[in-house]
Amino acid sequence: MGTSSGNSLKRTKNETIVRAYSIPIRIDEVILEFIEKYHEIAKTALQEILNTKKFTKVERKQLRDTLLENWNYAAHYVDSAINQTLGLVKSYKRKLKKGKKAREPKLKKKFVYVKSTLFGLKGSMLKITIIPREYYLEINLANYPYILLFLKEVWGGKLKLGGLFLFPNKLVLTFVKTVEYFEPRDWMSIDINLTNVTVLAGLTVYRFDTRELYHVHRVYELKRRKIQKISAWNKRLSKKLLEKYSKRERNRTKNFLHKLANKIVEIARERRMGITLEDLNSIKERVLNGSKKMNRKLSKWNARELQRLIEYKAKWLGVPVVYVNPRNSSRICPVCGGQLIPREGRLMKCSNCGLIEDRDFVAVLNLRMWGSGVTPKGLEASRASTPDERPMKTNPYGIMAVEKQRMGMKLHKITLTPP
C-alpha cells in the first residue's frame, strides 16, 4: 500500500546515530583514585557554573585554570568535566525558563568521560591515557565477542569508536554510524498501552500482550513494601535487599522491552516501512494527577523507554522514524472525523457515522493517517478540489472487525481485507 502523502517522503535523510555497549572491567587503586578526583572536580565545576549568571569564555578559562592547579592527570579531563556539568546546567535552566519544575542538578554516579583525544585503538587493543607518558589503562576488546562484531565494522570504516565512559566496574563504549534512511513504501503506526502494544503495518494488525511486564512491576512493588518494613530494625539489610530486587526488576524489564522492540523493528525493516510513534514527551507529568491507584498503575508504564529502544534500533538499521501528536487518537472516528463514544469493553462508537471499533485499532489507524500527512477532513478537501478524483473514504481499509485475543510475545497476524 503506497503512502498517501508526499510529506512523509521528505523526512528521509542521513543522520549520525550513536549506540552504546558496556563491558565489565577490573581496575586498580590508581584508576579508582582518578575516578574519585574527576568526580570532585566535576562537582566543583557544577557548583561554579550554577552560581555564575552568565558562563562566558572568560569564566570558562578561569574555572579551567583553577581546576588544573592540583590536577595530576591529563588536562583534557578537566575540559570533559566542564562540558559534562555545563550540559546539565543548560538543561536545568531551559526547564526553568519554560516554567517547568526542575530539581537542581547533582552528580551522583561516579564516572569519567573519555573523549577521543584521550584514547587510541590499535587492532583490538584499547589504550586510555590516565597520566600522559606515565600511566595508561589497556583493554583487549577481543575478549568481548559482542564488541568484536562492532570492531570489525570499525576496521572496515563503517563505524567509528566515539567517546568512552569509565566507571569503577565497567567501561561504556559508544559506536558512531552515519545512517542513510531508506525510502519507505508505507508507514507503520504503534499505539503503546499499559497492557498491550498495537501495531498497524499495511493490512496487518499486530497486538503484543504486555501484561507480563506489568505483572513484573507489580510483583517487585509488593516485594519492596515488605522489605521497607525491615528498615525499622535493620536498615543495612533493607537497603541491600532493595538494591538486589530493584536490579532484578530492571533486568527483567529491559530484557522484555528489547525483545519487543527488536520484533517491531524487524517487521518494519522486512516490509520497508517507516515507523510512526506517539509524541509522549512529559506524558506522565500530565496524567499522574488522578487517583492513587491510577498513579501507581501509570508509574509502571514503560512507553517512553520502549519508544526509545524502537527509535534507536530502527535508525541504526536505516528505518525512518517520525513522531505525531497522539491527542484524541482513540476518540476521533477514522472514517468521518466524528466523535467516538465509549461502549462495552474497549469498543468505541462514532456518534456521526455509527462505526463501532476497538479503540486500539482506531488509535493506530489515526496515527497511521496523521503520520503520513492524512486526516479525514484534510483528505476529503484535497480530493474534492481535484475534479478527476472521485470521492474516497478516509479509512483506507473500510470498516473492519479486529479479532480480539491474547498474543503474548508470539507474533499473531490479523490480516484485513482492503476495500
# chains A, B, ... in the order shown; residues from 1 in each chain; ligands from 1
>>> select_by_dssp(residues="range 60-309 of chain A", states="strand (DSSP E)", output="PyMOL selection string")
chain A and resi 112-114+119-122+125-131+135-140+160-166+170-180+186-192+196-201+204-209+273-278
>>> residues_around(residues="Arg343 in chain A", least_positions_apart="2", cutoff="10 Å", atoms="only C-alpha atoms", output="compact mmCIF listing (two decimals) with C-alpha atoms, in the first residue's frame")
# COMPACT_ATOMS: atom_id res chain seq x y z
CA LEU A 340 -16.27 8.42 19.32
CA ILE A 341 -18.26 7.37 22.38
CA GLY A 345 -15.08 -3.20 26.88
CA ARG A 346 -12.66 -1.37 24.61
CA LEU A 347 -15.17 -0.68 21.84
CA MET A 348 -15.89 2.85 20.62
CA LYS A 349 -18.87 4.03 18.55
CA ILE A 356 -18.06 0.53 16.08
CA GLU A 357 -14.42 -0.42 16.51
CA ASP A 358 -11.74 -1.43 19.00
CA ARG A 359 -10.17 1.72 20.48
>>> residues_around(residues="Arg64 in chain A", least_positions_apart="3", cutoff="12 Å", atoms="only C-alpha atoms", output="list in words")
Ile41, Ala42, Thr44, Ala45, Glu48, Ile49, Lys57, Val58, Glu59, Arg60, Lys61, Leu67, Leu68, Glu69, Asn70, Trp71, Ala75, His76, Tyr77, Val78, Asp79, Ser80, Ala81, Ile82 and Asn83 of chain A
>>> atom_distance(atom1="CA of Leu213 in chain A", atom2="CA of Leu194 in chain A")
9.2 Å
>>> atom_distance(atom1="CA of Lys313 in chain A", atom2="CA of His258 in chain A")
9.4 Å
>>> closest_residue(among="A:Thr276, A:Ser330, A:Asn281, A:Thr56", to="Glu311 in chain A", atoms="only C-alpha atoms")
A:Thr276
>>> residues_around(residues="range 96-111 of chain A", least_positions_apart="2", cutoff="10 Å", atoms="only C-alpha atoms", output="PDB file with C-alpha atoms, in the first residue's frame")
ATOM      1  CA  LEU A  32      39.830   4.304  41.361  1.00  0.00           C
ATOM      2  CA  PHE A  34      41.485   9.010  39.379  1.00  0.00           C
ATOM      3  CA  ILE A  35      37.703   8.495  39.116  1.00  0.00           C
ATOM      4  CA  GLU A  36      37.259   9.977  42.618  1.00  0.00           C
ATOM      5  CA  LYS A  37      39.353  13.044  41.730  1.00  0.00           C
ATOM      6  CA  TYR A  38      37.443  13.550  38.481  1.00  0.00           C
ATOM      7  CA  HIS A  39      34.155  13.327  40.382  1.00  0.00           C
ATOM      8  CA  GLU A  40      35.390  16.004  42.807  1.00  0.00           C
ATOM      9  CA  ALA A  42      33.126  17.810  38.232  1.00  0.00           C
ATOM     10  CA  LYS A  43      31.155  18.689  41.397  1.00  0.00           C
ATOM     11  CA  LEU A  46      28.893  22.180  38.575  1.00  0.00           C
ATOM     12  CA  GLN A  47      28.619  24.449  41.612  1.00  0.00           C
ATOM     13  CA  LEU A  50      25.306  27.151  38.792  1.00  0.00           C
ATOM     14  CA  THR A  85      28.350  19.804  34.014  1.00  0.00           C
ATOM     15  CA  LEU A  88      23.393  19.566  32.934  1.00  0.00           C
ATOM     16  CA  VAL A  89      23.068  23.231  33.899  1.00  0.00           C
ATOM     17  CA  LYS A  90      21.827  24.262  30.444  1.00  0.00           C
ATOM     18  CA  SER A  91      19.137  21.573  30.529  1.00  0.00           C
ATOM     19  CA  TYR A  92      18.120  22.636  34.054  1.00  0.00           C
ATOM     20  CA  LYS A  93      17.861  26.330  33.114  1.00  0.00           C
ATOM     21  CA  ARG A  94      15.894  25.554  29.938  1.00  0.00           C
ATOM     22  CA  TYR A 113      34.040  10.842  30.216  1.00  0.00           C
ATOM     23  CA  VAL A 114      36.993   9.912  27.992  1.00  0.00           C
ATOM     24  CA  PHE A 165      32.519   6.372  29.883  1.00  0.00           C
ATOM     25  CA  LEU A 166      34.785   4.919  32.579  1.00  0.00           C
ATOM     26  CA  PHE A 167      33.020   3.629  35.710  1.00  0.00           C
ATOM     27  CA  PRO A 168      34.598   1.850  38.727  1.00  0.00           C
ATOM     28  CA  ASN A 169      33.328  -1.527  37.467  1.00  0.00           C
ATOM     29  CA  LYS A 170      32.675  -1.107  33.739  1.00  0.00           C
ATOM     30  CA  LEU A 171      33.592   0.749  30.577  1.00  0.00           C
TER      31      LEU A 171
END
>>> atom_distance(atom1="CA of Leu173 in chain A", atom2="CA of Leu161 in chain A")
7.3 Å
>>> closest_residue(among="A:Ile190, A:Leu164, A:Ile267, A:Cys336", to="Gly120 in chain A", atoms="only C-alpha atoms")
A:Leu164
>>> residues_around(residues="Val324 in chain A", least_positions_apart="5", cutoff="12 Å", atoms="only C-alpha atoms", output="list in words")
Ser8, Ser189, Ile190, Asp191, Ile275, Thr276, Leu277, Glu278, Asp279, Leu280, Asn281, Ser329, Ala363, Val364, Asn366, Leu367, Arg368, Met369, Trp370, Gly371, Ser372, Gly373 and Val374 of chain A
